[in-house]
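Since the structure comes first, as structure tokens, the remarks are kept for the end.
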Amino acid sequence: MESSLFGACSASRRLVVTLLLAVTSLWAATPVLAQDKSPQEALLAATTAFRQGAWDDVVSDATPAIEDLTPAPGSNAGTLARLHYLRGLAAEQISWFGMAQADLGPFANVEPPPGLTPAAVVLARIERVKPFVPTQIEEIRDGNAVAFRVYYDQMNPFVRGMIDSLRTAYDANHRLMGFDLMETPVFIFTSSQNFSSFYTALIGRAPASTLAGLATNGAILIPPPLAGTRLAENPDASAFASVTVHEFNHCLLRRVWGRGRPPQWFVEGMATVAEAYASDQEDQLLKRRFVRAQAVNGLLLPDQIRQDQVFTRAADVSAQMNVNGDQGPDPYAQAYDMTSYLLNSLKPDDILPFLTSLRTKSFSEALQQYGGGNEEQFYAAWVAKVRGQ
Ligand SMILES: [Zn+2]
């Protein structure tokens with residue numbers, strides 16, 4: 001699979017790894033800058049993006065205007081303040097804590113703009129997370145841009161393997177998506193206690209205990225490996241990559257569709273398609289798993305495969321038993337087949353607009369707009385394809 005689903009991209013740019021020990025860069029992040037807009041246009045664009053949960057767009061809409069206005073705000077002082085506020089809230093949503101603190105700090109004791117979270121609440125949350133952020137840093141760059149900023153506590157073969165796999169994660173997702181990818185923080189934990197404390201401070205509840213990795217708040221989180229799993233016992237490069245390729249895809253897509261909530265089969269399907277992009281072996285395995293699951297127990301119905309829990313349960317089973325699909329339906333393999341079919345049925349140039357339209361449309365509406373029928377019709381067409389195989 002050489003060509004990008006999303007059109008042209010430069011897959012050949014080499015990733016350069018730089019080891020940074022300077023703690024001063026701990027909370028830094030590099031926004032992607034947008035084209036020129038008047039301050040009022042920038043505020044309008046940032047406000048719209050904020051409402052849609054398109055956090056990267058908030059940052060890239062607000063930043064050029066902030067840079068232009070800061071030396072001499074004059075009559076635009078109110079606009080400048082509002083841009084800082086929106087950018088600070090958006091930055092916290094994607095775990096760019098340094099930018100969030102800098103933007104929101106001046107508003108700690110100020111009444112928030114109507115409908116927005118008080119700055120003091122967000123600043124307090126960052127303070128709670130901070131003690132558990134691993135202190136060592138390594139950056140992985142794509143040209144001049146930072147692709148990943150990795151935070152880890154101490155180097156060991158597990159941490160090294162995860163960090164090295166990020167280049168595969170970046171390359172596979174870049175080829176799949178075809179657009180320049182945004183800087184993503186990666187937090188790798190060697191202490192379960194720190195992982196749990198970090199997660200709880202960030203999300204407000206304790207993490208599930210069977211995760212190999214997860215994508216949340218624009219970041220990839222990697223807990224220590226579970227005893228008895230492939231990751232804990234002599235993992236090879238593909239074991240690390242299967243985690244980071246998958247979770248990076250979740251990060252990216254959430255950052256594209258913002259507050260959109262597509263069905264879980266599409267969320268997990270895109271991540272497994274990315275895994276197949278990274279590895280022909282994985283691609284073959286997913287196809288075999290789908291054939292086998294079909295033979296054992298048939299297909300999950302639309303109402304079943306829409307649900308998060310179906311996937312959580314399957315991931316738990318595979319983490320504990322190190323098997324997939326032997327016991328019955330295989331939601332990941334089915335999601336992979338459904339999503340591949342969906343991507344093939346859309347025009348390549350429509351895939352990014354389709355994903356972006358999920359910010360404001362239901363999955364069914366978006367699918368219909370781009371010629372896939374509604375969700376029910378899509379499922380029926382996919383079943384017909386499967387039966388015809
Ligand atoms: Zn997943």
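In the structure tokens, the first chain shown is A, the next is B, and so on; residue numbers restart at 1 for each chain, and ligands run from 1 in the order shown.
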(message) Taking only C-alpha atoms and all ligand atoms into account, which residues have an atom no farther than 7 Å from ligand 1? I'd like them as a PyMOL selection string.
(response) chain A and resi 246-247+250+268+271
Compile a residue-level contact table for range 215-269 of chain A against range 50-63 of chain A at a cut-off of 10 Å, reporting for every qualifying residue the shortest atom pair and its distance in Å to one decimal, with only C-alpha atoms counted, rows ordered by chain and ascending number, as a tab-separated table.
```
residue	atom	partner	partner_atom	distance
A:Gly218	CA	A:Trp55	CA	9.0
A:Arg254	CA	A:Ala54	CA	8.5
A:Arg255	CA	A:Ala54	CA	6.1
A:Val256	CA	A:Ala54	CA	6.5
A:Trp257	CA	A:Ala54	CA	7.0
A:Gly258	CA	A:Gly53	CA	4.2
A:Arg259	CA	A:Gly53	CA	5.0
A:Gly260	CA	A:Gln52	CA	7.9
```
Let's have the selection written as a CSV table (one decimal), in the first residue's frame, with N, CA and C atoms.
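Result file is result-v3.csv:
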```csv
chain,number,residue,atom,x,y,z
A,218,GLY,N,-5.3,14.3,23.3
A,218,GLY,CA,-4.3,14.6,22.2
A,218,GLY,C,-3.0,13.9,22.4
A,254,ARG,N,-9.1,12.0,16.5
A,254,ARG,CA,-9.9,12.8,17.5
A,254,ARG,C,-9.6,14.3,17.2
A,255,ARG,N,-8.4,14.6,16.9
A,255,ARG,CA,-8.0,16.0,16.7
A,255,ARG,C,-8.6,16.4,15.3
A,256,VAL,N,-8.9,15.6,14.4
A,256,VAL,CA,-9.6,16.0,13.2
A,256,VAL,C,-11.1,16.1,13.3
A,257,TRP,N,-11.7,15.1,14.0
A,257,TRP,CA,-13.2,15.2,14.0
A,257,TRP,C,-13.7,15.9,15.3
A,258,GLY,N,-12.8,16.3,16.2
A,258,GLY,CA,-13.2,17.2,17.3
A,258,GLY,C,-14.3,16.5,18.1
A,259,ARG,N,-15.4,17.3,18.3
A,259,ARG,CA,-16.5,16.7,19.1
A,259,ARG,C,-17.3,15.7,18.4
A,260,GLY,N,-17.0,15.4,17.2
A,260,GLY,CA,-17.7,14.3,16.5
A,260,GLY,C,-17.6,13.0,17.2
```
(message) Quick one: residues within 12 Å of Gln284 in chain A, only C-alpha atoms, excluding same-chain residues fewer than 6 positions away - as an MDAnalysis selection string?
(response) chainID A and resid 272:273 275:278 290:291 333 336:337
For the residues selected in the previous step, produce a file with C-alpha atoms as a compact mmCIF listing (two decimals), in the first residue's frame.
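Final output, saved to result_34.txt:
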```
# COMPACT_ATOMS: atom_id res chain seq x y z
CA THR A 272 -6.41 -1.14 12.57
CA VAL A 273 -6.15 0.11 8.97
CA GLU A 275 -1.68 -0.94 11.73
CA ALA A 276 -2.08 -2.77 8.43
CA TYR A 277 -0.39 0.17 6.70
CA ALA A 278 2.57 -0.24 9.03
CA PHE A 290 -11.82 -11.85 10.05
CA VAL A 291 -12.26 -15.03 8.02
CA ALA A 333 -11.00 -7.64 12.56
CA TYR A 336 -10.91 -3.41 9.93
CA ASP A 337 -12.87 -5.01 7.10
```
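You will find CA of Asn194 in chain A at 26.7 Å from CA of Thr168 in chain A.
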(request) Name the closest residue to Leu80 in chain A among the candidates A:Leu43, A:Leu181, A:Ile94, A:Ala381; distances are taken between atoms, counting only C-alpha atoms. (result) A:Leu43
(request) Apply DSSP to the structure's backbone, then extract all residues of range 170-232 of chain A labelled helix (DSSP H, G or I) and return them as a list in words. (result) Tyr170, Asp171, Ala172, Asn173, His174, Arg175, Leu176, Met177, Ser192, Gln193, Asn194, Phe195, Ser196, Ser197, Phe198, Tyr199, Thr200, Ala201, Leu202 and Ile203 of chain A
Would you mind exporting N, CA and C atoms of the selected residues as a PDB file, in the first residue's frame?
```pdb
ATOM      1  N   TYR A 170       4.569   7.239  13.074  1.00  0.00           N
ATOM      2  CA  TYR A 170       4.455   8.489  12.319  1.00  0.00           C
ATOM      3  C   TYR A 170       4.368   8.203  10.828  1.00  0.00           C
ATOM      4  N   ASP A 171       5.248   7.360  10.363  1.00  0.00           N
ATOM      5  CA  ASP A 171       5.322   7.093   8.920  1.00  0.00           C
ATOM      6  C   ASP A 171       4.036   6.434   8.408  1.00  0.00           C
ATOM      7  N   ALA A 172       3.550   5.429   9.124  1.00  0.00           N
ATOM      8  CA  ALA A 172       2.336   4.721   8.666  1.00  0.00           C
ATOM      9  C   ALA A 172       1.137   5.667   8.653  1.00  0.00           C
ATOM     10  N   ASN A 173       0.986   6.448   9.711  1.00  0.00           N
ATOM     11  CA  ASN A 173      -0.164   7.357   9.765  1.00  0.00           C
ATOM     12  C   ASN A 173      -0.023   8.512   8.786  1.00  0.00           C
ATOM     13  N   HIS A 174       1.195   8.955   8.568  1.00  0.00           N
ATOM     14  CA  HIS A 174       1.409  10.031   7.603  1.00  0.00           C
ATOM     15  C   HIS A 174       1.063   9.561   6.196  1.00  0.00           C
ATOM     16  N   ARG A 175       1.455   8.334   5.885  1.00  0.00           N
ATOM     17  CA  ARG A 175       1.110   7.790   4.561  1.00  0.00           C
ATOM     18  C   ARG A 175      -0.389   7.582   4.432  1.00  0.00           C
ATOM     19  N   LEU A 176      -1.001   7.104   5.505  1.00  0.00           N
ATOM     20  CA  LEU A 176      -2.449   6.867   5.467  1.00  0.00           C
ATOM     21  C   LEU A 176      -3.233   8.173   5.352  1.00  0.00           C
ATOM     22  N   MET A 177      -2.877   9.171   6.169  1.00  0.00           N
ATOM     23  CA  MET A 177      -3.678  10.391   6.247  1.00  0.00           C
ATOM     24  C   MET A 177      -3.293  11.405   5.174  1.00  0.00           C
ATOM     25  N   SER A 192       3.561   1.976  37.575  1.00  0.00           N
ATOM     26  CA  SER A 192       2.101   1.877  37.453  1.00  0.00           C
ATOM     27  C   SER A 192       1.425   2.926  38.320  1.00  0.00           C
ATOM     28  N   GLN A 193       2.023   3.174  39.473  1.00  0.00           N
ATOM     29  CA  GLN A 193       1.455   4.151  40.401  1.00  0.00           C
ATOM     30  C   GLN A 193       1.444   5.543  39.772  1.00  0.00           C
ATOM     31  N   ASN A 194       2.562   5.928  39.153  1.00  0.00           N
ATOM     32  CA  ASN A 194       2.615   7.240  38.505  1.00  0.00           C
ATOM     33  C   ASN A 194       1.657   7.336  37.330  1.00  0.00           C
ATOM     34  N   PHE A 195       1.574   6.238  36.575  1.00  0.00           N
ATOM     35  CA  PHE A 195       0.637   6.239  35.447  1.00  0.00           C
ATOM     36  C   PHE A 195      -0.779   6.460  35.953  1.00  0.00           C
ATOM     37  N   SER A 196      -1.129   5.713  36.984  1.00  0.00           N
ATOM     38  CA  SER A 196      -2.470   5.786  37.531  1.00  0.00           C
ATOM     39  C   SER A 196      -2.757   7.192  38.094  1.00  0.00           C
ATOM     40  N   SER A 197      -1.774   7.766  38.786  1.00  0.00           N
ATOM     41  CA  SER A 197      -1.961   9.109  39.360  1.00  0.00           C
ATOM     42  C   SER A 197      -2.083  10.158  38.264  1.00  0.00           C
ATOM     43  N   PHE A 198      -1.237  10.037  37.246  1.00  0.00           N
ATOM     44  CA  PHE A 198      -1.270  10.979  36.126  1.00  0.00           C
ATOM     45  C   PHE A 198      -2.631  10.918  35.441  1.00  0.00           C
ATOM     46  N   TYR A 199      -3.057   9.698  35.131  1.00  0.00           N
ATOM     47  CA  TYR A 199      -4.320   9.490  34.419  1.00  0.00           C
ATOM     48  C   TYR A 199      -5.492  10.024  35.241  1.00  0.00           C
ATOM     49  N   THR A 200      -5.480   9.708  36.524  1.00  0.00           N
ATOM     50  CA  THR A 200      -6.585  10.121  37.389  1.00  0.00           C
ATOM     51  C   THR A 200      -6.643  11.645  37.497  1.00  0.00           C
ATOM     52  N   ALA A 201      -5.471  12.302  37.587  1.00  0.00           N
ATOM     53  CA  ALA A 201      -5.453  13.762  37.660  1.00  0.00           C
ATOM     54  C   ALA A 201      -5.957  14.374  36.350  1.00  0.00           C
ATOM     55  N   LEU A 202      -5.635  13.746  35.243  1.00  0.00           N
ATOM     56  CA  LEU A 202      -5.991  14.288  33.923  1.00  0.00           C
ATOM     57  C   LEU A 202      -7.461  14.044  33.599  1.00  0.00           C
ATOM     58  N   ILE A 203      -7.936  12.830  33.871  1.00  0.00           N
ATOM     59  CA  ILE A 203      -9.266  12.414  33.403  1.00  0.00           C
ATOM     60  C   ILE A 203     -10.314  12.476  34.508  1.00  0.00           C
TER      61      ILE A 203
END
```
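Summary of the local environment: counting only C-alpha atoms, residues at most 7 Å from Ser364 in chain A, other than itself and those fewer than 3 positions away along its chain, are A:Leu367, A:Gln368, A:Asn374, A:Glu375.
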(message) I need the residue nearest Ala232 in chain A from this list: A:Ala119, A:Val159, A:Leu343, A:Val245. Use only C-alpha atoms for the distance.
(response)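 With only C-alpha atoms as the atom set, the closest residue is A:Val159.
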